[in-house]
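Structure file model.csv (CSV, C-alpha atoms) follows.
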chain,number,residue,atom,x,y,z
A,6,MET,CA,-23.2,-15.2,-11.1
A,7,VAL,CA,-21.1,-14.6,-7.9
A,8,ASP,CA,-21.4,-17.3,-5.2
A,9,GLU,CA,-21.8,-16.4,-1.5
A,10,SER,CA,-18.1,-17.0,-0.6
A,11,THR,CA,-17.0,-14.7,-3.4
A,12,ARG,CA,-19.6,-12.1,-2.4
A,13,LYS,CA,-18.2,-12.2,1.2
A,14,THR,CA,-14.6,-11.9,0.0
A,15,LEU,CA,-15.6,-8.9,-2.2
A,16,SER,CA,-17.5,-7.2,0.6
A,17,CYS,CA,-14.3,-7.1,2.6
A,18,ILE,CA,-12.2,-5.5,-0.1
A,19,PRO,CA,-12.5,-1.7,-0.2
A,20,LEU,CA,-13.9,-0.2,-3.4
A,21,LEU,CA,-11.7,2.4,-5.1
A,22,LYS,CA,-12.8,6.0,-5.6
A,23,THR,CA,-10.3,7.6,-7.9
A,24,LYS,CA,-10.8,7.0,-11.6
A,25,ALA,CA,-7.3,7.3,-12.9
A,26,GLY,CA,-4.8,5.4,-14.9
A,27,PRO,CA,-1.0,5.7,-15.4
A,28,ARG,CA,-1.4,8.6,-17.8
A,29,GLU,CA,-3.1,10.9,-15.2
A,30,LYS,CA,0.1,11.5,-13.2
A,31,ASP,CA,-1.3,13.4,-10.2
A,32,LEU,CA,-4.5,11.4,-9.9
A,33,TRP,CA,-2.6,8.1,-10.5
A,34,VAL,CA,-0.6,8.7,-7.2
A,35,GLN,CA,-4.0,8.9,-5.4
A,36,ARG,CA,-5.3,5.8,-7.2
A,37,LEU,CA,-2.1,3.9,-6.3
A,38,LYS,CA,-2.6,4.7,-2.6
A,39,GLU,CA,-6.1,3.3,-2.8
A,40,GLU,CA,-4.8,0.2,-4.7
A,41,TYR,CA,-2.3,-0.5,-2.0
A,42,GLN,CA,-4.8,0.1,0.8
A,43,ALA,CA,-7.2,-2.4,-0.8
A,44,LEU,CA,-4.4,-5.0,-1.4
A,45,ILE,CA,-3.2,-4.7,2.2
A,46,GLN,CA,-6.8,-5.2,3.5
A,47,TYR,CA,-7.3,-8.2,1.2
A,48,VAL,CA,-4.1,-9.8,2.2
A,49,GLN,CA,-4.9,-9.2,5.9
A,50,ASN,CA,-8.4,-10.7,5.4
A,51,ASN,CA,-6.8,-13.7,3.7
A,52,LYS,CA,-4.3,-14.2,6.5
A,53,THR,CA,-7.1,-14.0,9.1
A,54,ALA,CA,-9.0,-16.7,7.2
A,55,ASP,CA,-5.9,-18.8,6.9
A,56,ASN,CA,-6.1,-18.3,3.1
A,57,ASP,CA,-2.9,-16.5,2.3
A,58,TRP,CA,-2.0,-17.2,-1.3
A,59,PHE,CA,-0.1,-14.3,-3.0
A,60,ARG,CA,2.5,-11.5,-2.6
A,61,LEU,CA,2.7,-8.6,-4.9
A,62,GLU,CA,4.9,-5.5,-5.3
A,63,SER,CA,5.2,-2.9,-8.0
A,64,ASN,CA,7.8,-0.8,-9.7
A,65,GLU,CA,8.1,2.8,-8.5
A,66,GLN,CA,5.5,4.1,-11.0
A,67,GLY,CA,2.9,1.4,-10.1
A,68,THR,CA,2.7,0.3,-13.7
A,69,ARG,CA,4.4,-3.1,-13.5
A,70,TRP,CA,3.4,-5.6,-10.8
A,71,PHE,CA,5.1,-8.9,-9.9
A,72,GLY,CA,5.4,-11.4,-7.1
A,73,LYS,CA,4.4,-14.9,-6.2
A,74,CYS,CA,1.2,-16.8,-5.9
A,75,TRP,CA,0.7,-20.3,-4.6
A,76,TYR,CA,-1.9,-23.0,-4.5
A,77,ILE,CA,-2.1,-25.8,-1.9
A,78,HIS,CA,-3.1,-29.2,-3.3
A,79,ASN,CA,-3.0,-32.4,-1.3
A,80,LEU,CA,-1.0,-30.6,1.4
A,81,LEU,CA,1.7,-29.6,-1.2
A,82,LYS,CA,2.4,-26.0,-2.0
A,83,TYR,CA,2.7,-25.2,-5.7
A,84,GLU,CA,4.3,-21.7,-6.2
A,85,PHE,CA,4.3,-19.6,-9.4
A,86,ASP,CA,5.7,-16.2,-10.4
A,87,VAL,CA,2.9,-13.8,-11.2
A,88,GLU,CA,3.2,-10.6,-13.2
A,89,PHE,CA,1.1,-8.0,-15.0
A,90,ASP,CA,1.3,-4.5,-16.4
A,91,ILE,CA,-1.3,-1.8,-15.7
A,92,PRO,CA,-3.0,-1.1,-19.1
A,93,VAL,CA,-2.9,2.6,-20.3
A,94,THR,CA,-6.7,2.5,-20.3
A,95,TYR,CA,-6.9,1.3,-16.7
A,96,PRO,CA,-9.2,1.2,-14.7
A,97,SER,CA,-11.6,0.8,-17.6
A,98,THR,CA,-9.6,-2.2,-18.7
A,99,ALA,CA,-8.5,-4.9,-16.3
A,100,PRO,CA,-4.9,-6.0,-16.0
A,101,GLU,CA,-3.9,-9.2,-17.8
A,102,ILE,CA,-2.5,-11.4,-15.1
A,103,ALA,CA,0.3,-13.8,-16.3
A,104,LEU,CA,1.9,-16.9,-14.8
A,105,PRO,CA,4.8,-17.1,-17.3
A,106,GLU,CA,6.1,-20.6,-16.3
A,107,LEU,CA,2.7,-22.1,-17.2
A,108,ASP,CA,2.7,-20.6,-20.7
A,109,GLY,CA,1.4,-23.2,-23.2
A,110,LYS,CA,0.4,-25.7,-20.5
A,111,THR,CA,-3.3,-25.1,-20.6
A,112,ALA,CA,-5.9,-24.0,-23.1
A,113,LYS,CA,-7.1,-21.4,-20.6
A,114,MET,CA,-4.1,-19.2,-21.2
A,115,TYR,CA,-2.9,-16.8,-23.8
A,116,ARG,CA,0.6,-16.2,-25.2
A,117,GLY,CA,3.1,-15.2,-22.5
A,118,GLY,CA,1.2,-17.1,-19.8
A,119,LYS,CA,-1.7,-14.6,-19.5
A,120,ILE,CA,-4.6,-16.3,-17.9
A,121,CYS,CA,-7.9,-16.5,-19.7
A,122,LEU,CA,-10.5,-14.4,-17.8
A,123,THR,CA,-12.8,-13.4,-20.7
A,124,ASP,CA,-16.0,-15.3,-19.8
A,125,HIS,CA,-16.7,-14.5,-16.2
A,126,PHE,CA,-14.2,-11.9,-15.0
A,127,LYS,CA,-14.1,-9.3,-17.8
A,128,PRO,CA,-17.9,-8.6,-17.8
A,129,LEU,CA,-17.9,-8.2,-14.0
A,130,TRP,CA,-14.9,-5.8,-14.2
A,131,ALA,CA,-16.6,-3.8,-16.9
A,132,ARG,CA,-19.7,-3.4,-14.7
A,133,ASN,CA,-17.7,-2.3,-11.7
A,134,ALA,CA,-14.9,-0.2,-13.1
A,135,PRO,CA,-13.5,2.1,-11.8
A,136,LYS,CA,-14.4,0.8,-8.3
A,137,PHE,CA,-12.5,-2.5,-8.8
A,138,GLY,CA,-8.8,-2.6,-8.6
A,139,ILE,CA,-5.8,-5.0,-8.4
A,140,ALA,CA,-7.1,-6.7,-5.2
A,141,HIS,CA,-10.4,-7.4,-7.0
A,142,ALA,CA,-8.5,-8.8,-10.0
A,143,MET,CA,-6.7,-11.1,-7.7
A,144,ALA,CA,-9.8,-12.2,-5.8
A,145,LEU,CA,-12.1,-12.6,-8.9
A,146,GLY,CA,-9.6,-13.4,-11.5
A,147,LEU,CA,-6.4,-15.2,-10.5
A,148,GLY,CA,-7.8,-16.9,-7.3
A,149,PRO,CA,-10.7,-18.7,-9.1
A,150,TRP,CA,-8.5,-19.5,-12.1
A,151,LEU,CA,-5.9,-21.2,-9.8
A,152,ALA,CA,-8.6,-23.1,-8.0
A,153,VAL,CA,-9.9,-24.6,-11.3
A,154,GLU,CA,-6.7,-25.0,-13.4
A,155,ILE,CA,-4.0,-26.0,-11.0
A,156,PRO,CA,-5.6,-29.2,-9.6
A,157,ASP,CA,-6.5,-30.2,-13.2
A,158,LEU,CA,-2.9,-29.6,-14.4
A,159,ILE,CA,-1.5,-31.5,-11.4
A,160,GLU,CA,-3.9,-34.5,-12.0
A,161,LYS,CA,-2.8,-34.5,-15.7
A,162,GLY,CA,0.8,-34.5,-14.7
A,163,VAL,CA,1.5,-31.2,-16.4
A,164,ILE,CA,2.7,-29.6,-13.2
A,165,LYS,CA,5.0,-31.5,-10.8
A,166,TYR,CA,5.6,-30.7,-7.2
A,167,LYS,CA,9.1,-29.1,-6.6
A,168,GLU,CA,10.6,-29.5,-3.2
A,169,LYS,CA,12.2,-26.4,-1.9
A,170,SER,CA,15.9,-26.9,-1.3
A,171,GLU,CA,17.1,-25.5,2.0
A,172,GLY,CA,19.5,-22.7,1.3

In structure tokens, write the structure found in this file.
Amino acid sequence: MVDESTRKTLSCIPLLKTKAGPREKDLWVQRLKEEYQALIQYVQNNKTADNDWFRLESNEQGTRWFGKCWYIHNLLKYEFDVEFDIPVTYPSTAPEIALPELDGKTAKMYRGGKICLTDHFKPLWARNAPKFGIAHAMALGLGPWLAVEIPDLIEKGVIKYKEKSEG
């Protein structure tokens, strides 16, 4: 089910130990520390492999996450806002990652720009909760989704390259 490249990526992301969601106030602080450590490690690994593709930050409570993700296609960088809330049943339930500006542009998306991850990602998450966290959701959810959907949307003319204006 998981290819060798994905297996290698996963092996470099620390597994989380604390089973806590936003409702478990004291344990949630510990879980958030683990989440940030795993995310930092994953981003460092990506930079080392010249595969840097997202930035995330959260609100103070760690319940709302937002940032940017990007995909390079034919040497052009396509950038998108990314956002998600931590479900109250987290980590048993994976976050629903959204790219709001792509809402309605592909069948592999739900209302509000939430990407469709049901077939492959959700069963994998269920088997690995609570050890998986946000970094795993990015690596196993959003990353593969971008790799499949963005080139297709570009080829169909649904997404157009936007030049960055110098500010």

Taking all atoms listed in the file into account, name the residue in A:Val93, A:Ala112, A:Leu44, A:Ala140 that is nearest to Ala25 (chain A).
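Result for the nearest residue to Ala25 (chain A): A:Val93.
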
Could you check the closest approach to Leu81 (chain A) for each of A:Ile159, A:Leu147, A:Ala152, A:Ala134 and tell me which residue wins, using all atoms listed in the file?
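Comparing A:Ile159, A:Leu147, A:Ala152, A:Ala134 against Leu81 (chain A), the winner is A:Ile159.
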
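For the atom pair formed by CA of Leu151 (chain A) and CA of Thr94 (chain A), the distance is 25.9 Å, given to one decimal.
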
Please indicate the distance in Å from CA of Arg69 (chain A) to CA of Gly26 (chain A), rounded to one decimal place.
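Between CA of Arg69 (chain A) and CA of Gly26 (chain A) the gap is 12.6 Å.
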
Computed interatomic separation between CA of Tyr166 (chain A) and CA of Tyr83 (chain A) (Å):
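Taking CA of Tyr166 (chain A) as the start and CA of Tyr83 (chain A) as the end point, the length is 6.4 Å.
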
Near Phe126 (chain A), within 10 Å and counting all atoms listed in the file, which residues show up once chain neighbours fewer than 3 positions away are dropped, as a list in words?
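Contacts, in chain order: Ala99, Cys121, Leu122, Thr123, Leu129, Trp130, Ala131, His141, Ala142, Leu145, Gly146, Leu147, Pro149 and Trp150 of chain A.
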
Which residue of A:Met143, A:His125, A:Lys167, A:Ile120 approaches Cys74 (chain A) most closely, using all atoms listed in the file:
A:Met143

Excluding Asn56 (chain A) and its own-chain neighbours fewer than 4 positions away, which residues fall within 12 Å of it when counting only C-alpha atoms? Please give them as a short mmCIF file (atom, residue, chain, number, x, y, z; two decimals) with C-alpha atoms, keeping the file's coordinate frame.
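Written output follows (selection33.cif):
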data_model
loop_
_atom_site.label_atom_id
_atom_site.label_comp_id
_atom_site.auth_asym_id
_atom_site.auth_seq_id
_atom_site.Cartn_x
_atom_site.Cartn_y
_atom_site.Cartn_z
CA THR A 14 -14.60 -11.90 0.00
CA TYR A 47 -7.30 -8.20 1.20
CA VAL A 48 -4.10 -9.80 2.20
CA GLN A 49 -4.90 -9.20 5.90
CA ASN A 50 -8.40 -10.70 5.40
CA ASN A 51 -6.80 -13.70 3.70
CA LYS A 52 -4.30 -14.20 6.50
CA CYS A 74 1.20 -16.80 -5.90
CA TRP A 75 0.70 -20.30 -4.60
CA TYR A 76 -1.90 -23.00 -4.50
CA ILE A 77 -2.10 -25.80 -1.90
CA ALA A 144 -9.80 -12.20 -5.80
CA GLY A 148 -7.80 -16.90 -7.30
#

Closest to Phe85 (chain A) among A:Ile155, A:Lys24, A:Pro100, A:Trp70, using all atoms listed in the file?
A:Ile155

Pick out the closest residue to Glu40 (chain A) from this set: A:Pro19, A:Gly162, A:Pro92, A:Pro27. Count only C-alpha atoms.
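Under the stated criterion, the closest residue is A:Pro19.
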
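Closest approach to Met114 (chain A) among A:Lys136, A:Ser97, A:Glu154, A:Lys127: A:Glu154, based on all atoms listed in the file.
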
Residues within 9 Å of (1.8, -1.3, -9.4), file coords, only C-alpha atoms, listed as number ranges by chain:
A: 37, 40-41, 61-71, 89-91, 139

Which polymer residues have any atom within 8 Å of an atom of Ala103 (chain A), counting all atoms listed in the file, with same-chain residues fewer than 6 positions away left out, as a ChimeraX atom specification?
/A:87-89,117-120
